[in-house]
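Structure record follows, encoded as structure tokens.
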Amino acid sequence: MLLPILFIFFSIAVLGFALLVVTTRNMFHAALFLVGALFGVAALYILLEAEFLAVVQILIYVGAIATLIVFAIMLSRNMMRRDIRAANDQWVEGAVAAVLLFALLVLVLSRASWPTVTAAAPPDAIPGIGKALVSDYVIPFEVASVLLLVGMVGAIIIARERE
Amino acid sequence: MHFVSDLFRNIGLWFHGWLSGLLPGWAVTLIEYVLGVLILLTGALVTVLLLIWVERKIISRLQDRIGPNRVGPWGLLQTVADALKLLTKEDIIPEGAEKVSFNLAPILVVFPTIMVLGVIPFSRGIIGADLNIGVLYIVALGSIGVMATLMAGWSSNNKYALLGGFRVVAQLLSYEVPMVLAMLSAVLLAGTMSMQGLVEAQGGGFLNIPYWRIFVIPLGFLIYFIAALAELERTPFDLLEAESEIVAGFFIEYSGMKFAWFFLASYINTILLGAIAATLFLGGWQGPFVEHVPVLGVFYFAGKTLLMTILIFWIRGTFPRLRIDQLMGLAWKILVPLALIVLLLVAIVIKLPVPPLARQAVLFVSNIILLLGALGYIGRHLRLTAERQKLGGRL
Amino acid sequence: MVIPLAWYLIVAAALFCIGLYGALARRNAIGILMGIELMLNAVNINLVAFWRYVRPQMLTGQLFAIFVMTVAAAEVAVGLALVIAIYRSRDTVNVEEIDLLRG
């Protein structure tokens with residue numbers, strides 16, 4: 001009985017925060033709401049018994065990505081004061097597209113039947129994840145690390161001030 | 001005798017038995033969790049009060065002063081008086097501040113530090129929750145603190161606070177990398193991320209001492225200690241609150257109770273640094289005769305933690321503050337490469353087909369060689385730079 | 001398994017659509033990036049939910065969630081670097097004003 005209540009609570013929190021992220025005028029507040037939404041997603045992972053992912057979510061999204069976003073907002077803060085409208089001219093089309101896509105997805109989801117199983121989750125997923133990363137998934141793993149390296153070098157070169 | 005030899009755990013077991021006789025199971029669990037949280041919280045707060053006094057006394061001695069000596073015996077109650085003063089001060093919210101983030105930031109700074117207390121292993125079987133992702137949990141909670149300091153810096157509507165906020169991102173994100181890499185070497189040696197498992201892996205040998213990680217990867221310990229000191233924003237890395245440059249940094253506008261929250265978080269973090277260093281590198285509650293008399297573990301652990309905190313205070317009384325470019329250079333040019341080399345060494349050596357003690361000897365010797373080599377190289381580099389500057393000044 | 005799989009999928013779909021709206025309708029480039037982050041999170045919820053409900057023995061879902069997070073980290077680093085570079089040269093992060101290539 002407790003699980004569905006928690007699920008509904010966290011889902012509403014995630015979706016509420018997400019709505020605030022895309023509608024708030026103040027970008028700094030939007031970033032804080034983003035942090036709230038990311039925490040809610042971490043809670044959903046815990047409900048799904050993926051504790052490792054929940055902690056990784058907080059570490060990467062809250063610790064690194066959200067912090068970077070706030071940093072960028074601070075660096076470009078002068079233009080925040082001029083920013084009166086949050087949405088651009090195509091926000092109506094955007095909203096219609098989003099709502100239509102949601103309707104379509106719900107329609108598909110309600111028709112589909114998934115081959116769900118009731119097996120229990122493995123008690124300790126970390127060794128499995130570690131082994132899989134260096135055996136079956138070693139190529140995606142290496143590609144991801146190269147991507148991160150390229151991203152880091154690219155970010156430094158792009159954002160660097162020219163002398 | 002048996003009861004005393006594992007005193008704290010037996011008290012817990014006895015209490016559990018007594019409570020189970022009176023109440024249904026769920027109520028027992030609830031009461032035990034609440035009591036555990038209360039004990040941890042009160043313990044942390046009392047320790048903080050004492051530590052502030054200890055720090056002021058140590059710093060005073062280092063600076064040839066007496067330190068607080070008016071309130072209570074040896075000035076012991078000085079901190080209590082200071083806390084009362086802070087609580088009665090006016091709570092000022094600056095004009096143009098963003099009220100919600102401004103008020104939320106002090107809470108968000110303290111909150112994760114208290115949550116970390118839950119995974120600290122005080123002795124065998126005495127731990128809030130032995131998560132199998134303990135180390136990762138600690139690192140993740142640490143990153144929430146970064147967010148909170150950023151919120152404080154931004155919402156104060158003050159340029160010094162904002163500058164402090166920028167420095168927070170630069171410093172804390174940079175030093176997180178070597179810190180996590182050094183922690184990873186310890187995790188790799190133990191093969192687990194559970195805090196209790198990390199301590200168990202350091203037992204055995206003569207008097208339970210030789211497998212402490214400080215005797216296996218001394219360089220890893222050193223890197224962790226330096227990086228964690230920077231994460232802690234303490235001297236010599238206290239650029240975030242450098243009085244002579246940006247007044248008080250990100251909490252410049254905070255007064256009274258809210259300032260006390262930042263202060264509290266800083267000191268709980270100091271204890272936690274000591275506790276985590278003790279757990280990961282100094283053997284935690286491992287020590288002589290701990291397998292026969294488990295109650296000793298609590299005292300070993302507390303002693304190691306206290307030793308580390310006193311070391312931190314000593315450093316504060318000794319070293320001058322770094323410049324921001326020196327700070328970033330230290331993180332990215334020295335600590336990160338060294339931490340990566342140590343991690344690689346550990347990964348290779350633990351796969352060598354030799355007995356554990358030989359493995360440990362190889363790691364220890366290579367760590368020391370690496371440390372000396374790095375120090376020699378840095379010294380030469382600094383000397384060359386200084387000479388070049390001198391020449392440049394003459395030309 | 002008290003909670004049906006479809007609930008997670010619907011929440012993820014809603015989150016994806018909210019993120020899509022943010023990416024389409026925001027004027028601020030950083031706001032667009034935040035919308036994309038929300039979309040990536042929605043995908044991750046789906047991956048983890050499918051892992052838990054369909055193949056809990058294989059860790060593929062969790063692994064792909066980790067890869068998505070890696071991609072998100074790289075994406076946000078490069079994206080924000082671009083935003084900072086544009087802000088430095090054009091003094092704006094408003095995507096409607098960044099129209100150098102308009103004929």
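Ordering of the structure tokens sets the chain letters (A, B, ...), residue numbers begin anew at 1 in every chain, and ligands are numbered from 1 in the order given.
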Exercise answer, chain B residues close to chain A, 10 Å and only C-alpha atoms, as a PyMOL selection string: chain B and resi 98+100-101+131-134+136-148+150-151+154-155+162+165-166+169-170+173+191-193
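Omitting Leu53 (chain A) and its sequence neighbours fewer than 5 positions away, and counting only C-alpha atoms, the residues within 10 Å are Ala42, Tyr45, Ile46, Leu48, Ile58, Leu59, Ala125 and Ile126 of chain A; Asn44, Val48, Gln62, Leu63, Ala65, Ile66 and Met69 of chain C.
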Test item, alpha helix (DSSP H) assignment across region 81-123 of chain A, answer as a PyMOL selection string: chain A and resi 91-111
Write a file of the just-selected residues containing C-alpha atoms, as a CSV table (one decimal), in the first residue's frame.
chain,number,residue,atom,x,y,z
A,91,TRP,CA,5.7,28.2,-27.9
A,92,VAL,CA,2.1,27.4,-29.0
A,93,GLU,CA,3.3,25.0,-31.7
A,94,GLY,CA,5.7,23.5,-29.2
A,95,ALA,CA,2.9,23.0,-26.6
A,96,VAL,CA,0.7,21.5,-29.3
A,97,ALA,CA,3.4,19.1,-30.4
A,98,ALA,CA,4.2,18.1,-26.8
A,99,VAL,CA,0.5,17.4,-26.0
A,100,LEU,CA,-0.1,15.5,-29.2
A,101,LEU,CA,3.0,13.4,-28.6
A,102,PHE,CA,1.9,12.7,-25.1
A,103,ALA,CA,-1.6,11.6,-26.3
A,104,LEU,CA,0.0,9.4,-28.9
A,105,LEU,CA,2.3,7.8,-26.3
A,106,VAL,CA,-0.5,7.2,-23.9
A,107,LEU,CA,-2.6,5.6,-26.6
A,108,VAL,CA,0.2,3.3,-27.6
A,109,LEU,CA,1.1,2.4,-24.0
A,110,SER,CA,-2.5,1.6,-23.2
A,111,ARG,CA,-2.8,-0.8,-26.1
6 Å contact set for region 16-26 of chain A, only C-alpha atoms, chain neighbours under 6 positions out, as a list in words: Phe33, Leu34, Ala37 and Ala86 of chain A; Gly22 of chain C
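For Ile312 (chain B), the set of protein, DNA and RNA residues having any atom at most 9 Å away, when counting only C-alpha atoms and skipping those fewer than 5 positions along the same chain, is B:Leu229, B:Arg234, B:Thr235, B:Thr270, B:Gly274, B:Leu307, B:Gly317.
A straight line drawn from CA of Leu22 (chain B) to CA of Val34 (chain B) is 17.1 Å long.
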